[in-house]
Amino acid sequence: MESTARNPRKRARGLALAAALLALAALAGWWCSQDGGLVLVAKLFHHPLLFGVLVVGLLTAAVFVGVRSLVVRILTGIAAGLALVAAFPFFLFASIPSETSDRTAPGRPDRHLVIEEGSAMIDPLWWVYVDEGWGPAQRRWKVGYFNGDAFTNGLHEASWTGPNQIRLVTGDSTESQVHLIDLDPETGKPLRTLTMG
């Protein structure tokens, strides 16, 4: 019996299986990045550009290894190259948010107010979340999104007023607006969300 290293079809199937597993992981990451999703799974697997490039690369390699037709190989290489060229601007201009604040709710060590910051070219962006629970079962709820393209939309402050309420201040010291967001006492889910900008 030929070894896997000598059998191109087995290697191609292995590469295709790896691509399928990566696609499933990316799907799980996307699903968990939705409101109320598992924080750990989203952090590990919600990287669509990276996973997309890896899946395209593995599938291209599977075709090169498993298909003998030169025409099919050339067409696959061209398609993969076009996909990578199309993805390149997204890599350049993608705003990768970084966590800048994590505050525990008063009297609720299992509840956290999390702020992530990023940018859209020159405009600052803020995402505000409530993380509820512990460890792998921790869930993330969206509280608000703020695009600082206008100073009145910028997030100036985020704090707890109690274990079930968040205080958000937008604008600056000369012109600000206070927003109080109530949370479900059991789940931590915001009863309303706020989008500015």
# chains A, B, ... in the order shown; residues from 1 in each chain; ligands from 1

$ select_by_dssp --residues "range 54-116 of chain A" --states "strand (DSSP E)" --output "PDB file with N, CA, C and O atoms, in the first residue's frame"
ATOM      1  N   SER A  98      -8.763  46.989  19.439  1.00  0.00           N
ATOM      2  CA  SER A  98      -7.996  46.521  20.590  1.00  0.00           C
ATOM      3  C   SER A  98      -8.762  46.876  21.858  1.00  0.00           C
ATOM      4  O   SER A  98      -9.369  47.945  21.950  1.00  0.00           O
ATOM      5  N   GLU A  99      -8.736  45.959  22.803  1.00  0.00           N
ATOM      6  CA  GLU A  99      -9.446  46.177  24.060  1.00  0.00           C
ATOM      7  C   GLU A  99      -8.704  47.223  24.879  1.00  0.00           C
ATOM      8  O   GLU A  99      -7.521  47.092  25.142  1.00  0.00           O
ATOM      9  N   THR A 100      -9.410  48.277  25.251  1.00  0.00           N
ATOM     10  CA  THR A 100      -8.770  49.362  26.001  1.00  0.00           C
ATOM     11  C   THR A 100      -9.294  49.484  27.417  1.00  0.00           C
ATOM     12  O   THR A 100      -8.706  50.200  28.223  1.00  0.00           O
ATOM     13  N   SER A 101     -10.403  48.802  27.725  1.00  0.00           N
ATOM     14  CA  SER A 101     -10.964  48.910  29.062  1.00  0.00           C
ATOM     15  C   SER A 101     -11.780  47.668  29.379  1.00  0.00           C
ATOM     16  O   SER A 101     -12.476  47.135  28.529  1.00  0.00           O
ATOM     17  N   ASP A 102     -11.674  47.217  30.629  1.00  0.00           N
ATOM     18  CA  ASP A 102     -12.450  46.075  31.120  1.00  0.00           C
ATOM     19  C   ASP A 102     -12.744  46.348  32.589  1.00  0.00           C
ATOM     20  O   ASP A 102     -11.862  46.238  33.434  1.00  0.00           O
ATOM     21  N   ARG A 103     -13.989  46.743  32.874  1.00  0.00           N
ATOM     22  CA  ARG A 103     -14.360  47.116  34.248  1.00  0.00           C
ATOM     23  C   ARG A 103     -15.411  46.155  34.780  1.00  0.00           C
ATOM     24  O   ARG A 103     -16.432  45.922  34.143  1.00  0.00           O
ATOM     25  N   THR A 104     -15.184  45.661  35.974  1.00  0.00           N
ATOM     26  CA  THR A 104     -16.120  44.753  36.628  1.00  0.00           C
ATOM     27  C   THR A 104     -17.291  45.537  37.200  1.00  0.00           C
ATOM     28  O   THR A 104     -17.109  46.614  37.770  1.00  0.00           O
ATOM     29  N   ALA A 105     -18.485  44.976  37.067  1.00  0.00           N
ATOM     30  CA  ALA A 105     -19.689  45.625  37.605  1.00  0.00           C
ATOM     31  C   ALA A 105     -19.657  45.576  39.125  1.00  0.00           C
ATOM     32  O   ALA A 105     -19.180  44.605  39.710  1.00  0.00           O
ATOM     33  N   ARG A 108     -20.953  42.409  41.031  1.00  0.00           N
ATOM     34  CA  ARG A 108     -21.125  41.323  40.050  1.00  0.00           C
ATOM     35  C   ARG A 108     -19.775  41.010  39.405  1.00  0.00           C
ATOM     36  O   ARG A 108     -19.463  41.493  38.318  1.00  0.00           O
ATOM     37  N   PRO A 109     -18.950  40.191  40.051  1.00  0.00           N
ATOM     38  CA  PRO A 109     -17.640  39.879  39.466  1.00  0.00           C
ATOM     39  C   PRO A 109     -17.723  39.089  38.157  1.00  0.00           C
ATOM     40  O   PRO A 109     -16.734  38.976  37.446  1.00  0.00           O
ATOM     41  N   ASP A 110     -18.912  38.563  37.822  1.00  0.00           N
ATOM     42  CA  ASP A 110     -19.088  37.819  36.574  1.00  0.00           C
ATOM     43  C   ASP A 110     -19.545  38.698  35.414  1.00  0.00           C
ATOM     44  O   ASP A 110     -19.794  38.213  34.322  1.00  0.00           O
ATOM     45  N   ARG A 111     -19.634  40.009  35.654  1.00  0.00           N
ATOM     46  CA  ARG A 111     -20.133  40.935  34.630  1.00  0.00           C
ATOM     47  C   ARG A 111     -19.095  42.031  34.390  1.00  0.00           C
ATOM     48  O   ARG A 111     -18.644  42.677  35.323  1.00  0.00           O
ATOM     49  N   HIS A 112     -18.737  42.237  33.118  1.00  0.00           N
ATOM     50  CA  HIS A 112     -17.687  43.206  32.773  1.00  0.00           C
ATOM     51  C   HIS A 112     -18.160  44.148  31.675  1.00  0.00           C
ATOM     52  O   HIS A 112     -18.815  43.732  30.716  1.00  0.00           O
ATOM     53  N   LEU A 113     -17.778  45.414  31.812  1.00  0.00           N
ATOM     54  CA  LEU A 113     -17.986  46.422  30.777  1.00  0.00           C
ATOM     55  C   LEU A 113     -16.692  46.495  29.977  1.00  0.00           C
ATOM     56  O   LEU A 113     -15.636  46.835  30.511  1.00  0.00           O
ATOM     57  N   VAL A 114     -16.769  46.140  28.695  1.00  0.00           N
ATOM     58  CA  VAL A 114     -15.577  46.051  27.850  1.00  0.00           C
ATOM     59  C   VAL A 114     -15.678  47.085  26.737  1.00  0.00           C
ATOM     60  O   VAL A 114     -16.712  47.209  26.081  1.00  0.00           O
ATOM     61  N   ILE A 115     -14.588  47.822  26.548  1.00  0.00           N
ATOM     62  CA  ILE A 115     -14.519  48.808  25.459  1.00  0.00           C
ATOM     63  C   ILE A 115     -13.378  48.420  24.535  1.00  0.00           C
ATOM     64  O   ILE A 115     -12.254  48.158  24.984  1.00  0.00           O
ATOM     65  N   GLU A 116     -13.677  48.382  23.246  1.00  0.00           N
ATOM     66  CA  GLU A 116     -12.657  48.162  22.223  1.00  0.00           C
ATOM     67  C   GLU A 116     -12.580  49.405  21.349  1.00  0.00           C
ATOM     68  O   GLU A 116     -13.603  50.027  21.064  1.00  0.00           O
TER      69      GLU A 116
END

$ residues_around --residues "Arg139 in chain A" --least-positions-apart "5" --cutoff "10 Å" --atoms "only C-alpha atoms" --output "PyMOL selection string"
chain A and resi 32-42+111+129-134+187-189

$ write_last_selection --atoms "C-alpha atoms" --output "mmCIF file, in the first residue's frame"
data_model
loop_
_atom_site.group_PDB
_atom_site.id
_atom_site.type_symbol
_atom_site.label_atom_id
_atom_site.label_comp_id
_atom_site.auth_asym_id
_atom_site.auth_seq_id
_atom_site.Cartn_x
_atom_site.Cartn_y
_atom_site.Cartn_z
ATOM 1 C CA CYS A 32 -20.228 33.351 18.257
ATOM 2 C CA SER A 33 -19.365 36.936 17.286
ATOM 3 C CA GLN A 34 -23.093 37.670 17.104
ATOM 4 C CA ASP A 35 -24.918 39.227 20.042
ATOM 5 C CA GLY A 36 -24.912 36.845 23.021
ATOM 6 C CA GLY A 37 -22.208 34.622 21.510
ATOM 7 C CA LEU A 38 -19.384 32.861 23.324
ATOM 8 C CA VAL A 39 -16.473 35.260 23.806
ATOM 9 C CA LEU A 40 -13.680 32.664 23.723
ATOM 10 C CA VAL A 41 -14.843 31.032 20.473
ATOM 11 C CA ALA A 42 -15.264 34.433 18.789
ATOM 12 C CA ARG A 111 -20.133 40.935 34.630
ATOM 13 C CA TYR A 129 -19.903 45.318 25.250
ATOM 14 C CA VAL A 130 -21.040 43.556 28.403
ATOM 15 C CA ASP A 131 -19.351 40.215 29.026
ATOM 16 C CA GLU A 132 -21.423 37.958 31.263
ATOM 17 C CA GLY A 133 -20.287 34.741 32.930
ATOM 18 C CA TRP A 134 -17.030 32.900 33.439
ATOM 19 C CA THR A 187 -28.442 37.642 31.599
ATOM 20 C CA GLY A 188 -26.692 41.032 31.430
ATOM 21 C CA LYS A 189 -28.218 41.667 27.993
#

$ residues_around --residues "His156 in chain A" --least-positions-apart "2" --cutoff "9 Å" --atoms "only C-alpha atoms" --output "list in words"
Gly154, Ala158, Leu168, Val169, Thr170, Gly171, Asp172, Ser173 and Ser176 of chain A

$ atom_distance --atom1 "CA of Ala19 in chain A" --atom2 "CA of Leu59 in chain A"
6.4 Å

$ residues_around --residues "Leu58 in chain A" --least-positions-apart "2" --cutoff "10 Å" --atoms "only C-alpha atoms" --output "number ranges by chain"
A: 12, 14-20, 22, 52-56, 60-64

$ write_last_selection --atoms "N, CA, C and O atoms" --output "PDB file, in the first residue's frame"
ATOM      1  N   ALA A  12      -4.365  15.274  -1.344  1.00  0.00           N
ATOM      2  CA  ALA A  12      -5.361  16.268  -1.767  1.00  0.00           C
ATOM      3  C   ALA A  12      -6.591  16.201  -0.866  1.00  0.00           C
ATOM      4  O   ALA A  12      -7.130  17.237  -0.462  1.00  0.00           O
ATOM      5  N   GLY A  14      -6.627  15.192   2.226  1.00  0.00           N
ATOM      6  CA  GLY A  14      -6.202  15.738   3.521  1.00  0.00           C
ATOM      7  C   GLY A  14      -6.218  17.268   3.519  1.00  0.00           C
ATOM      8  O   GLY A  14      -6.678  17.893   4.482  1.00  0.00           O
ATOM      9  N   LEU A  15      -5.735  17.848   2.433  1.00  0.00           N
ATOM     10  CA  LEU A  15      -5.745  19.313   2.322  1.00  0.00           C
ATOM     11  C   LEU A  15      -7.169  19.851   2.246  1.00  0.00           C
ATOM     12  O   LEU A  15      -7.497  20.858   2.879  1.00  0.00           O
ATOM     13  N   ALA A  16      -8.028  19.171   1.488  1.00  0.00           N
ATOM     14  CA  ALA A  16      -9.428  19.598   1.384  1.00  0.00           C
ATOM     15  C   ALA A  16     -10.131  19.456   2.737  1.00  0.00           C
ATOM     16  O   ALA A  16     -10.940  20.314   3.115  1.00  0.00           O
ATOM     17  N   LEU A  17      -9.821  18.380   3.473  1.00  0.00           N
ATOM     18  CA  LEU A  17     -10.410  18.200   4.799  1.00  0.00           C
ATOM     19  C   LEU A  17      -9.950  19.310   5.747  1.00  0.00           C
ATOM     20  O   LEU A  17     -10.751  19.867   6.513  1.00  0.00           O
ATOM     21  N   ALA A  18      -8.671  19.663   5.682  1.00  0.00           N
ATOM     22  CA  ALA A  18      -8.160  20.760   6.519  1.00  0.00           C
ATOM     23  C   ALA A  18      -8.862  22.075   6.172  1.00  0.00           C
ATOM     24  O   ALA A  18      -9.220  22.848   7.065  1.00  0.00           O
ATOM     25  N   ALA A  19      -9.090  22.314   4.880  1.00  0.00           N
ATOM     26  CA  ALA A  19      -9.809  23.527   4.462  1.00  0.00           C
ATOM     27  C   ALA A  19     -11.234  23.514   4.992  1.00  0.00           C
ATOM     28  O   ALA A  19     -11.743  24.535   5.465  1.00  0.00           O
ATOM     29  N   ALA A  20     -11.898  22.356   4.936  1.00  0.00           N
ATOM     30  CA  ALA A  20     -13.271  22.250   5.440  1.00  0.00           C
ATOM     31  C   ALA A  20     -13.318  22.498   6.940  1.00  0.00           C
ATOM     32  O   ALA A  20     -14.224  23.178   7.444  1.00  0.00           O
ATOM     33  N   LEU A  22     -11.193  24.298   8.707  1.00  0.00           N
ATOM     34  CA  LEU A  22     -10.966  25.736   8.918  1.00  0.00           C
ATOM     35  C   LEU A  22     -12.222  26.538   8.598  1.00  0.00           C
ATOM     36  O   LEU A  22     -12.552  27.494   9.308  1.00  0.00           O
ATOM     37  N   GLY A  52     -10.182  32.984   5.500  1.00  0.00           N
ATOM     38  CA  GLY A  52     -10.482  32.928   4.070  1.00  0.00           C
ATOM     39  C   GLY A  52      -9.236  32.677   3.243  1.00  0.00           C
ATOM     40  O   GLY A  52      -9.241  31.836   2.330  1.00  0.00           O
ATOM     41  N   VAL A  53      -8.157  33.375   3.556  1.00  0.00           N
ATOM     42  CA  VAL A  53      -6.896  33.194   2.824  1.00  0.00           C
ATOM     43  C   VAL A  53      -6.362  31.774   3.037  1.00  0.00           C
ATOM     44  O   VAL A  53      -5.908  31.117   2.092  1.00  0.00           O
ATOM     45  N   LEU A  54      -6.436  31.280   4.274  1.00  0.00           N
ATOM     46  CA  LEU A  54      -5.953  29.924   4.550  1.00  0.00           C
ATOM     47  C   LEU A  54      -6.773  28.866   3.807  1.00  0.00           C
ATOM     48  O   LEU A  54      -6.216  27.915   3.254  1.00  0.00           O
ATOM     49  N   VAL A  55      -8.093  29.030   3.784  1.00  0.00           N
ATOM     50  CA  VAL A  55      -8.956  28.069   3.083  1.00  0.00           C
ATOM     51  C   VAL A  55      -8.655  28.090   1.586  1.00  0.00           C
ATOM     52  O   VAL A  55      -8.517  27.037   0.957  1.00  0.00           O
ATOM     53  N   VAL A  56      -8.540  29.282   1.007  1.00  0.00           N
ATOM     54  CA  VAL A  56      -8.217  29.376  -0.423  1.00  0.00           C
ATOM     55  C   VAL A  56      -6.862  28.724  -0.701  1.00  0.00           C
ATOM     56  O   VAL A  56      -6.702  27.977  -1.679  1.00  0.00           O
ATOM     57  N   THR A  60      -6.402  25.441  -3.036  1.00  0.00           N
ATOM     58  CA  THR A  60      -5.528  25.557  -4.206  1.00  0.00           C
ATOM     59  C   THR A  60      -4.460  24.473  -4.180  1.00  0.00           C
ATOM     60  O   THR A  60      -4.191  23.808  -5.192  1.00  0.00           O
ATOM     61  N   ALA A  61      -3.872  24.277  -3.000  1.00  0.00           N
ATOM     62  CA  ALA A  61      -2.859  23.221  -2.866  1.00  0.00           C
ATOM     63  C   ALA A  61      -3.464  21.845  -3.142  1.00  0.00           C
ATOM     64  O   ALA A  61      -2.828  20.999  -3.782  1.00  0.00           O
ATOM     65  N   ALA A  62      -4.710  21.618  -2.684  1.00  0.00           N
ATOM     66  CA  ALA A  62      -5.371  20.334  -2.928  1.00  0.00           C
ATOM     67  C   ALA A  62      -5.553  20.090  -4.421  1.00  0.00           C
ATOM     68  O   ALA A  62      -5.344  18.968  -4.908  1.00  0.00           O
ATOM     69  N   VAL A  63      -5.930  21.122  -5.162  1.00  0.00           N
ATOM     70  CA  VAL A  63      -6.098  20.972  -6.613  1.00  0.00           C
ATOM     71  C   VAL A  63      -4.746  20.717  -7.267  1.00  0.00           C
ATOM     72  O   VAL A  63      -4.621  19.830  -8.122  1.00  0.00           O
ATOM     73  N   PHE A  64      -3.715  21.445  -6.869  1.00  0.00           N
ATOM     74  CA  PHE A  64      -2.392  21.252  -7.466  1.00  0.00           C
ATOM     75  C   PHE A  64      -1.860  19.848  -7.201  1.00  0.00           C
ATOM     76  O   PHE A  64      -1.216  19.247  -8.049  1.00  0.00           O
TER      77      PHE A  64
END

$ select_by_dssp --residues "chain A" --states "helix (DSSP H, G or I)" --output "ChimeraX atom specification"
/A:4-6,8-32,39-45,48-66,70-93,135-137,151-153

$ closest_residue --among "A:Pro8, A:Pro124, A:Gly81, A:Gly162" --to "Arg68 in chain A" --atoms "only C-alpha atoms"
A:Pro8

$ residues_around --residues "Asn147 in chain A" --least-positions-apart "4" --cutoff "7 Å" --atoms "only C-alpha atoms" --output "list of chain:residue names"
A:Asp123, A:Pro124, A:Leu125, A:Trp126, A:Asn153, A:Gly154, A:Met196, A:Gly197
